[in-house]
Amino acid sequence: MSKVHPPPIMHPASAMDFLPPAQLQQVQLTRLKAMVQRAYDHVALFRQRMEERHLQPPDVNSLADLEKLPFTVKADLRDAYPFGLFASPLSEIVRFHASSGTTGKPIVVAYTQEDVDDWSQAMLRSFAACGLHRGDIIQNAYGYGLFTGGLGAHYGAEALGAGVIPISGGNTDRQIMILKDFGVTAICCTPSYFLHLIDRAGEMGVNFKELPLRAGVFGAEPWTESMRQRIEAESGIKAYDIYGLSEIVGPGVAMECVHQSGPHIFEDMFYPEIIDPDTGRVLPDGTEGELVLTTLCKRAMPMIRYRTRDITSLAADRCPCGRTLRRICRIGRRSDDMLIIRGVNMFPSQIEAALLKVEGTLPHYHILVDRVKGLDTVEVQVEVTPEVFSDTVGAMEQLQARLSHSIESVVGIRAAVRLVAPRTLQRSEGKAKRVTDKRNL
Ligand code: DLL
């Protein structure tokens, strides 16, 4: 059975997607000036960095002046843990989320009521861009909790007027039952999890091609055109790419339209630049480099020139949909060592921190990442001390369990732990190669 993919209905909130470029730039500049003033007035780190450069907010008079401003990096959020970068008093914060930092502690982000409303609008525009509307039933399988995916998509779906099923992640068989029984028309989850759902549905005798499901809003991890083709061929749905990150807002920074030609950035809210990751120099549209984003509306936690570490380029050519918003090309890699495992961000340094909390291991470890039936797997191989290695099987198993538990509590993912004899892991002459990623992303 082939599915019907009706043309999108224009939602009034999408009007901003089509602003003539001169008007868009005017909106951006007005918002940028207010944002810089706000960050300068309320965030000590930002004011200090401006002062070091002998800059005052009135020095930002054009969008090009943005280049003069200092970058913000993940370590700044880590150092300011938990509330050091807030520009609003705690009494105005209505929401907190958190994401992986590079050590045991997460990074914290916060929202005022207006921030939550803006975010919902960005997500509403995201759903509308791929043709969803009132009457759609959206199964939201992004995790609800500190991760921004669940609640971000939830509020956007409600603002759109769609029916949202807040099922959160996991429990695959129940996901499939509800997809089928509720007549779900769109699903939100990571693309790798959807591949897993397809496989499991096949085993359960459910054929996605025969269901009303017509769209998938997939993101939170890198994926490829060949994954898109496989998803579409095996399920009959259209698979759309959505991009975002906690530090900027969560999902809804950029979203593909029905032409599937790369996510359009909601540039009236998030100002993009591409820089050379080594020199920090701004690069022209079409050139690959690191994406840097500036929030133009955020109140609780403005981000100025945040280095995302995501490598991409900006496409400025007109999309057939008529949106004037530039698009980002597929993000295949990052300029740091962050891995995304089943949608959860993870740094090798976090695994190291988790191992170090447990006695009996040596500081030699290797992380093996693979994908089996659409699901990411992680094995951490750890060298143990000679005493441990000659211990009883029971004692080894206990240590393994303690390490697994420590990793889960620091990183938030379950990893298999394999204890290996001292001096068995390969040593490197230069930087230790800590990760083997066999997923071919
Ligand atoms: O992953 C927010 C999100 C939720 C986006 C749901 C889309 C859907 P973080 O956990 O902070 O936030 O992770 C952000 O994930 O810097 C990218 O490296 C990666 N990422 C997010 N979306 C995509 C995508 C959420 N579509 C980090 N393609 C980002 C490739 C993506 N990578």
# chains A, B, ... in the order shown; residues from 1 in each chain; ligands from 1
call {"tool": "residues_near_ligand", "arguments": {"ligand": "ligand 1", "cutoff": "9 Å", "atoms": "only C-alpha atoms and all ligand atoms", "output": "ChimeraX atom specification"}}
result
/A:98-100,142-143,147-150,152-153,188-190,217-224,240-255,263,308-311,330-334,338-340,343-345
call {"tool": "select_by_dssp", "arguments": {"residues": "stretch 72-320 of chain A", "states": "strand (DSSP E)", "output": "PyMOL selection string"}}
result
chain A and resi 93-99+107-112+137-140+163-165+186-189+215-219+238-245+250-255+264-265+270-275+289-295+306-312+314-315
call {"tool": "residues_around", "arguments": {"residues": "stretch 393-410 of chain A", "least_positions_apart": "6", "cutoff": "9 Å", "atoms": "only C-alpha atoms", "output": "PDB file with all heavy atoms, in the first residue's frame"}}
result
ATOM      1  N   THR A 103      32.796  15.786  32.235  1.00  0.00           N
ATOM      2  CA  THR A 103      33.202  15.031  33.427  1.00  0.00           C
ATOM      3  C   THR A 103      31.973  14.393  34.062  1.00  0.00           C
ATOM      4  O   THR A 103      30.988  14.155  33.382  1.00  0.00           O
ATOM      5  CB  THR A 103      33.856  15.987  34.443  1.00  0.00           C
ATOM      6  OG1 THR A 103      32.897  16.999  34.743  1.00  0.00           O
ATOM      7  CG2 THR A 103      35.117  16.607  33.912  1.00  0.00           C
ATOM      8  N   GLY A 104      32.053  14.151  35.378  1.00  0.00           N
ATOM      9  CA  GLY A 104      30.923  13.514  36.058  1.00  0.00           C
ATOM     10  C   GLY A 104      29.699  14.411  36.150  1.00  0.00           C
ATOM     11  O   GLY A 104      28.582  13.934  36.243  1.00  0.00           O
ATOM     12  N   LYS A 105      29.897  15.728  36.117  1.00  0.00           N
ATOM     13  CA  LYS A 105      28.760  16.648  36.297  1.00  0.00           C
ATOM     14  C   LYS A 105      28.156  17.033  34.942  1.00  0.00           C
ATOM     15  O   LYS A 105      28.888  17.261  33.973  1.00  0.00           O
ATOM     16  CB  LYS A 105      29.248  17.946  36.953  1.00  0.00           C
ATOM     17  CG  LYS A 105      29.781  17.729  38.353  1.00  0.00           C
ATOM     18  CD  LYS A 105      28.795  18.219  39.373  1.00  0.00           C
ATOM     19  CE  LYS A 105      29.513  18.409  40.681  1.00  0.00           C
ATOM     20  NZ  LYS A 105      28.954  17.763  41.785  1.00  0.00           N
ATOM     21  N   PRO A 106      26.825  17.169  34.915  1.00  0.00           N
ATOM     22  CA  PRO A 106      26.208  17.584  33.647  1.00  0.00           C
ATOM     23  C   PRO A 106      26.334  19.097  33.445  1.00  0.00           C
ATOM     24  O   PRO A 106      26.752  19.809  34.356  1.00  0.00           O
ATOM     25  CB  PRO A 106      24.744  17.206  33.854  1.00  0.00           C
ATOM     26  CG  PRO A 106      24.528  17.300  35.327  1.00  0.00           C
ATOM     27  CD  PRO A 106      25.847  16.956  35.986  1.00  0.00           C
ATOM     28  N   GLN A 350      34.193  10.929  30.418  1.00  0.00           N
ATOM     29  CA  GLN A 350      33.197  10.569  31.451  1.00  0.00           C
ATOM     30  C   GLN A 350      33.353   9.101  31.844  1.00  0.00           C
ATOM     31  O   GLN A 350      33.212   8.742  33.001  1.00  0.00           O
ATOM     32  CB  GLN A 350      31.782  10.745  30.902  1.00  0.00           C
ATOM     33  CG  GLN A 350      31.300  12.166  30.831  1.00  0.00           C
ATOM     34  CD  GLN A 350      29.894  12.174  30.277  1.00  0.00           C
ATOM     35  OE1 GLN A 350      29.681  11.888  29.095  1.00  0.00           O
ATOM     36  NE2 GLN A 350      28.934  12.462  31.104  1.00  0.00           N
ATOM     37  N   ILE A 351      33.642   8.256  30.837  1.00  0.00           N
ATOM     38  CA  ILE A 351      33.857   6.829  31.133  1.00  0.00           C
ATOM     39  C   ILE A 351      35.073   6.704  32.050  1.00  0.00           C
ATOM     40  O   ILE A 351      35.066   5.976  33.039  1.00  0.00           O
ATOM     41  CB  ILE A 351      34.107   6.032  29.814  1.00  0.00           C
ATOM     42  CG1 ILE A 351      32.867   6.073  28.933  1.00  0.00           C
ATOM     43  CG2 ILE A 351      34.590   4.617  30.101  1.00  0.00           C
ATOM     44  CD1 ILE A 351      31.873   4.960  29.140  1.00  0.00           C
ATOM     45  N   GLU A 352      36.100   7.491  31.715  1.00  0.00           N
ATOM     46  CA  GLU A 352      37.321   7.454  32.527  1.00  0.00           C
ATOM     47  C   GLU A 352      36.985   7.850  33.971  1.00  0.00           C
ATOM     48  O   GLU A 352      37.408   7.187  34.917  1.00  0.00           O
ATOM     49  CB  GLU A 352      38.339   8.414  31.921  1.00  0.00           C
ATOM     50  CG  GLU A 352      39.703   8.308  32.545  1.00  0.00           C
ATOM     51  CD  GLU A 352      40.736   9.048  31.693  1.00  0.00           C
ATOM     52  OE1 GLU A 352      40.853   8.740  30.493  1.00  0.00           O
ATOM     53  OE2 GLU A 352      41.391   9.931  32.244  1.00  0.00           O
ATOM     54  N   ALA A 353      36.213   8.924  34.126  1.00  0.00           N
ATOM     55  CA  ALA A 353      35.843   9.379  35.472  1.00  0.00           C
ATOM     56  C   ALA A 353      35.071   8.287  36.209  1.00  0.00           C
ATOM     57  O   ALA A 353      35.282   8.054  37.398  1.00  0.00           O
ATOM     58  CB  ALA A 353      35.009  10.655  35.386  1.00  0.00           C
ATOM     59  N   ALA A 354      34.210   7.564  35.479  1.00  0.00           N
ATOM     60  CA  ALA A 354      33.408   6.509  36.113  1.00  0.00           C
ATOM     61  C   ALA A 354      34.303   5.341  36.540  1.00  0.00           C
ATOM     62  O   ALA A 354      34.126   4.771  37.615  1.00  0.00           O
ATOM     63  CB  ALA A 354      32.334   6.029  35.140  1.00  0.00           C
ATOM     64  N   LEU A 355      35.283   4.997  35.702  1.00  0.00           N
ATOM     65  CA  LEU A 355      36.171   3.872  36.035  1.00  0.00           C
ATOM     66  C   LEU A 355      37.032   4.210  37.243  1.00  0.00           C
ATOM     67  O   LEU A 355      37.271   3.384  38.120  1.00  0.00           O
ATOM     68  CB  LEU A 355      37.075   3.518  34.836  1.00  0.00           C
ATOM     69  CG  LEU A 355      36.364   3.057  33.556  1.00  0.00           C
ATOM     70  CD1 LEU A 355      37.371   2.793  32.443  1.00  0.00           C
ATOM     71  CD2 LEU A 355      35.542   1.797  33.821  1.00  0.00           C
ATOM     72  N   LYS A 357      36.394   5.881  39.712  1.00  0.00           N
ATOM     73  CA  LYS A 357      35.674   5.850  41.002  1.00  0.00           C
ATOM     74  C   LYS A 357      35.737   4.472  41.642  1.00  0.00           C
ATOM     75  O   LYS A 357      35.357   4.303  42.787  1.00  0.00           O
ATOM     76  CB  LYS A 357      34.193   6.211  40.776  1.00  0.00           C
ATOM     77  CG  LYS A 357      33.982   7.657  40.469  1.00  0.00           C
ATOM     78  CD  LYS A 357      32.507   7.972  40.455  1.00  0.00           C
ATOM     79  CE  LYS A 357      32.337   9.475  40.353  1.00  0.00           C
ATOM     80  NZ  LYS A 357      30.987   9.894  40.448  1.00  0.00           N
ATOM     81  N   VAL A 358      36.133   3.464  40.863  1.00  0.00           N
ATOM     82  CA  VAL A 358      36.100   2.081  41.357  1.00  0.00           C
ATOM     83  C   VAL A 358      37.532   1.562  41.485  1.00  0.00           C
ATOM     84  O   VAL A 358      38.320   1.688  40.548  1.00  0.00           O
ATOM     85  CB  VAL A 358      35.294   1.189  40.373  1.00  0.00           C
ATOM     86  CG1 VAL A 358      35.251  -0.246  40.858  1.00  0.00           C
ATOM     87  CG2 VAL A 358      33.888   1.746  40.204  1.00  0.00           C
ATOM     88  N   GLU A 359      37.861   0.990  42.619  1.00  0.00           N
ATOM     89  CA  GLU A 359      39.224   0.474  42.820  1.00  0.00           C
ATOM     90  C   GLU A 359      39.439  -0.830  42.069  1.00  0.00           C
ATOM     91  O   GLU A 359      38.495  -1.579  41.852  1.00  0.00           O
ATOM     92  CB  GLU A 359      39.447   0.205  44.311  1.00  0.00           C
ATOM     93  CG  GLU A 359      40.282   1.282  44.972  1.00  0.00           C
ATOM     94  CD  GLU A 359      40.457   0.990  46.440  1.00  0.00           C
ATOM     95  OE1 GLU A 359      40.962  -0.095  46.756  1.00  0.00           O
ATOM     96  OE2 GLU A 359      40.044   1.857  47.245  1.00  0.00           O
ATOM     97  N   GLY A 360      40.684  -1.096  41.714  1.00  0.00           N
ATOM     98  CA  GLY A 360      41.006  -2.395  41.114  1.00  0.00           C
ATOM     99  C   GLY A 360      41.223  -2.314  39.610  1.00  0.00           C
ATOM    100  O   GLY A 360      41.622  -3.283  38.982  1.00  0.00           O
ATOM    101  N   THR A 361      40.942  -1.119  39.010  1.00  0.00           N
ATOM    102  CA  THR A 361      41.148  -1.004  37.561  1.00  0.00           C
ATOM    103  C   THR A 361      42.399  -0.167  37.288  1.00  0.00           C
ATOM    104  O   THR A 361      42.831   0.617  38.128  1.00  0.00           O
ATOM    105  CB  THR A 361      39.948  -0.320  36.875  1.00  0.00           C
ATOM    106  OG1 THR A 361      39.749   0.945  37.498  1.00  0.00           O
ATOM    107  CG2 THR A 361      38.702  -1.153  37.006  1.00  0.00           C
ATOM    108  N   VAL A 380      32.963  -1.581  27.211  1.00  0.00           N
ATOM    109  CA  VAL A 380      34.148  -0.920  27.751  1.00  0.00           C
ATOM    110  C   VAL A 380      35.100  -2.010  28.215  1.00  0.00           C
ATOM    111  O   VAL A 380      34.763  -2.820  29.089  1.00  0.00           O
ATOM    112  CB  VAL A 380      33.771   0.014  28.926  1.00  0.00           C
ATOM    113  CG1 VAL A 380      35.017   0.695  29.476  1.00  0.00           C
ATOM    114  CG2 VAL A 380      32.755   1.053  28.479  1.00  0.00           C
ATOM    115  N   ALA A 416      28.376  -2.706  28.432  1.00  0.00           N
ATOM    116  CA  ALA A 416      28.930  -3.995  28.858  1.00  0.00           C
ATOM    117  C   ALA A 416      30.373  -3.735  29.275  1.00  0.00           C
ATOM    118  O   ALA A 416      31.072  -2.961  28.619  1.00  0.00           O
ATOM    119  CB  ALA A 416      28.877  -4.979  27.693  1.00  0.00           C
ATOM    120  N   VAL A 417      30.799  -4.356  30.347  1.00  0.00           N
ATOM    121  CA  VAL A 417      32.184  -4.153  30.792  1.00  0.00           C
ATOM    122  C   VAL A 417      32.918  -5.474  30.645  1.00  0.00           C
ATOM    123  O   VAL A 417      32.415  -6.518  31.042  1.00  0.00           O
ATOM    124  CB  VAL A 417      32.215  -3.684  32.265  1.00  0.00           C
ATOM    125  CG1 VAL A 417      33.641  -3.652  32.781  1.00  0.00           C
ATOM    126  CG2 VAL A 417      31.570  -2.316  32.400  1.00  0.00           C
ATOM    127  N   ARG A 418      34.098  -5.414  30.017  1.00  0.00           N
ATOM    128  CA  ARG A 418      34.915  -6.637  29.911  1.00  0.00           C
ATOM    129  C   ARG A 418      36.240  -6.371  30.602  1.00  0.00           C
ATOM    130  O   ARG A 418      36.951  -5.414  30.253  1.00  0.00           O
ATOM    131  CB  ARG A 418      35.128  -6.985  28.433  1.00  0.00           C
ATOM    132  CG  ARG A 418      35.731  -8.364  28.248  1.00  0.00           C
ATOM    133  CD  ARG A 418      35.228  -9.009  26.955  1.00  0.00           C
ATOM    134  NE  ARG A 418      35.792  -8.363  25.772  1.00  0.00           N
ATOM    135  CZ  ARG A 418      36.978  -8.685  25.262  1.00  0.00           C
ATOM    136  NH1 ARG A 418      37.728  -9.610  25.828  1.00  0.00           N
ATOM    137  NH2 ARG A 418      37.416  -8.064  24.191  1.00  0.00           N
ATOM    138  N   LEU A 419      36.564  -7.195  31.591  1.00  0.00           N
ATOM    139  CA  LEU A 419      37.827  -7.019  32.303  1.00  0.00           C
ATOM    140  C   LEU A 419      38.916  -7.773  31.550  1.00  0.00           C
ATOM    141  O   LEU A 419      38.728  -8.926  31.173  1.00  0.00           O
ATOM    142  CB  LEU A 419      37.713  -7.571  33.730  1.00  0.00           C
ATOM    143  CG  LEU A 419      36.562  -7.006  34.571  1.00  0.00           C
ATOM    144  CD1 LEU A 419      36.597  -7.594  35.978  1.00  0.00           C
ATOM    145  CD2 LEU A 419      36.640  -5.484  34.646  1.00  0.00           C
TER     146      LEU A 419
END
call {"tool": "select_by_dssp", "arguments": {"residues": "stretch 130-360 of chain A", "states": "alpha helix (DSSP H)", "output": "PyMOL selection string"}}
result
chain A and resi 148-160+172-181+191-203+225-235+348-356
call {"tool": "atom_distance", "arguments": {"atom1": "atom CA of A:Gly236", "atom2": "atom CA of A:Lys209"}}
result
5.1 Å
call {"tool": "decode", "arguments": {"residues": "stretch 193-208 of chain A", "atoms": "all heavy atoms", "output": "tab-separated table (two decimals), in the first residue's frame"}}
result
chain	number	residue	atom	x	y	z
A	193	TYR	N	16.65	4.46	16.62
A	193	TYR	CA	15.58	3.75	17.35
A	193	TYR	C	14.44	3.39	16.40
A	193	TYR	O	13.84	2.32	16.51
A	193	TYR	CB	15.07	4.59	18.52
A	193	TYR	CG	14.11	3.82	19.40
A	193	TYR	CD1	14.53	2.64	20.03
A	193	TYR	CD2	12.79	4.23	19.58
A	193	TYR	CE1	13.65	1.90	20.82
A	193	TYR	CE2	11.91	3.50	20.37
A	193	TYR	CZ	12.34	2.33	20.99
A	193	TYR	OH	11.48	1.60	21.76
A	194	PHE	N	14.19	4.26	15.41
A	194	PHE	CA	13.11	3.93	14.47
A	194	PHE	C	13.49	2.69	13.65
A	194	PHE	O	12.65	1.84	13.37
A	194	PHE	CB	12.76	5.12	13.57
A	194	PHE	CG	11.50	4.86	12.78
A	194	PHE	CD1	10.26	4.85	13.41
A	194	PHE	CD2	11.55	4.58	11.42
A	194	PHE	CE1	9.09	4.58	12.70
A	194	PHE	CE2	10.39	4.31	10.70
A	194	PHE	CZ	9.16	4.31	11.35
A	195	LEU	N	14.76	2.58	13.28
A	195	LEU	CA	15.19	1.37	12.56
A	195	LEU	C	14.95	0.13	13.43
A	195	LEU	O	14.54	-0.92	12.94
A	195	LEU	CB	16.68	1.46	12.19
A	195	LEU	CG	17.01	2.28	10.94
A	195	LEU	CD1	18.52	2.40	10.77
A	195	LEU	CD2	16.39	1.63	9.69
A	196	HIS	N	15.22	0.29	14.71
A	196	HIS	CA	14.98	-0.82	15.63
A	196	HIS	C	13.48	-1.14	15.69
A	196	HIS	O	13.09	-2.31	15.69
A	196	HIS	CB	15.53	-0.44	17.01
A	196	HIS	CG	15.33	-1.50	18.04
A	196	HIS	ND1	15.96	-2.73	17.95
A	196	HIS	CD2	14.57	-1.54	19.16
A	196	HIS	CE1	15.59	-3.47	18.99
A	196	HIS	NE2	14.74	-2.77	19.73
A	197	LEU	N	12.65	-0.09	15.71
A	197	LEU	CA	11.19	-0.31	15.73
A	197	LEU	C	10.74	-1.07	14.48
A	197	LEU	O	9.90	-1.97	14.56
A	197	LEU	CB	10.44	1.03	15.81
A	197	LEU	CG	10.40	1.74	17.16
A	197	LEU	CD1	9.73	3.11	17.01
A	197	LEU	CD2	9.63	0.92	18.19
A	198	ILE	N	11.32	-0.70	13.34
A	198	ILE	CA	10.95	-1.40	12.09
A	198	ILE	C	11.27	-2.89	12.22
A	198	ILE	O	10.46	-3.76	11.90
A	198	ILE	CB	11.70	-0.80	10.87
A	198	ILE	CG1	11.29	0.65	10.61
A	198	ILE	CG2	11.47	-1.65	9.62
A	198	ILE	CD1	12.03	1.31	9.45
A	199	ASP	N	12.48	-3.19	12.70
A	199	ASP	CA	12.90	-4.59	12.83
A	199	ASP	C	11.98	-5.36	13.77
A	199	ASP	O	11.51	-6.45	13.47
A	199	ASP	CB	14.33	-4.68	13.39
A	199	ASP	CG	15.37	-4.40	12.32
A	199	ASP	OD1	14.98	-4.36	11.13
A	199	ASP	OD2	16.55	-4.19	12.66
A	200	ARG	N	11.71	-4.75	14.90
A	200	ARG	CA	10.89	-5.44	15.91
A	200	ARG	C	9.44	-5.60	15.42
A	200	ARG	O	8.81	-6.64	15.64
A	200	ARG	CB	10.94	-4.65	17.23
A	200	ARG	CG	10.16	-5.24	18.35
A	200	ARG	CD	10.74	-6.58	18.84
A	200	ARG	NE	9.79	-7.25	19.72
A	200	ARG	CZ	9.45	-8.52	19.66
A	200	ARG	NH1	10.01	-9.33	18.76
A	200	ARG	NH2	8.57	-9.03	20.48
A	201	ALA	N	8.93	-4.57	14.73
A	201	ALA	CA	7.57	-4.65	14.20
A	201	ALA	C	7.47	-5.84	13.24
A	201	ALA	O	6.48	-6.60	13.28
A	201	ALA	CB	7.18	-3.35	13.50
A	202	GLY	N	8.50	-6.02	12.43
A	202	GLY	CA	8.53	-7.16	11.49
A	202	GLY	C	8.39	-8.47	12.25
A	202	GLY	O	7.58	-9.34	11.88
A	203	GLU	N	9.15	-8.58	13.33
A	203	GLU	CA	9.08	-9.82	14.14
A	203	GLU	C	7.70	-10.01	14.76
A	203	GLU	O	7.25	-11.12	14.98
A	203	GLU	CB	10.12	-9.76	15.28
A	203	GLU	CG	11.55	-9.94	14.80
A	203	GLU	CD	12.59	-9.52	15.85
A	203	GLU	OE1	12.20	-9.29	17.03
A	203	GLU	OE2	13.76	-9.41	15.49
A	204	MET	N	7.02	-8.86	15.04
A	204	MET	CA	5.68	-8.96	15.67
A	204	MET	C	4.57	-9.06	14.63
A	204	MET	O	3.38	-9.03	14.98
A	204	MET	CB	5.44	-7.71	16.55
A	204	MET	CG	6.30	-7.66	17.80
A	204	MET	SD	6.27	-6.01	18.59
A	204	MET	CE	4.58	-5.90	19.17
A	205	GLY	N	4.94	-9.11	13.35
A	205	GLY	CA	3.94	-9.23	12.28
A	205	GLY	C	3.22	-7.92	11.98
A	205	GLY	O	2.13	-7.91	11.44
A	206	VAL	N	3.84	-6.77	12.36
A	206	VAL	CA	3.22	-5.47	12.07
A	206	VAL	C	3.97	-4.83	10.89
A	206	VAL	O	5.20	-4.73	10.92
A	206	VAL	CB	3.29	-4.53	13.30
A	206	VAL	CG1	2.76	-3.14	12.97
A	206	VAL	CG2	2.53	-5.14	14.48
A	207	ASN	N	3.23	-4.43	9.87
A	207	ASN	CA	3.85	-3.81	8.71
A	207	ASN	C	3.55	-2.31	8.73
A	207	ASN	O	2.41	-1.89	8.55
A	207	ASN	CB	3.27	-4.46	7.44
A	207	ASN	CG	3.94	-3.91	6.17
A	207	ASN	OD1	4.73	-2.96	6.23
A	207	ASN	ND2	3.60	-4.52	5.04
A	208	PHE	N	4.61	-1.50	8.94
A	208	PHE	CA	4.41	-0.05	9.04
A	208	PHE	C	3.79	0.53	7.77
A	208	PHE	O	3.13	1.55	7.80
A	208	PHE	CB	5.73	0.66	9.34
A	208	PHE	CG	6.16	0.57	10.79
A	208	PHE	CD1	7.42	1.01	11.18
A	208	PHE	CD2	5.32	0.06	11.77
A	208	PHE	CE1	7.82	0.95	12.51
A	208	PHE	CE2	5.72	-0.02	13.10
A	208	PHE	CZ	6.96	0.42	13.47
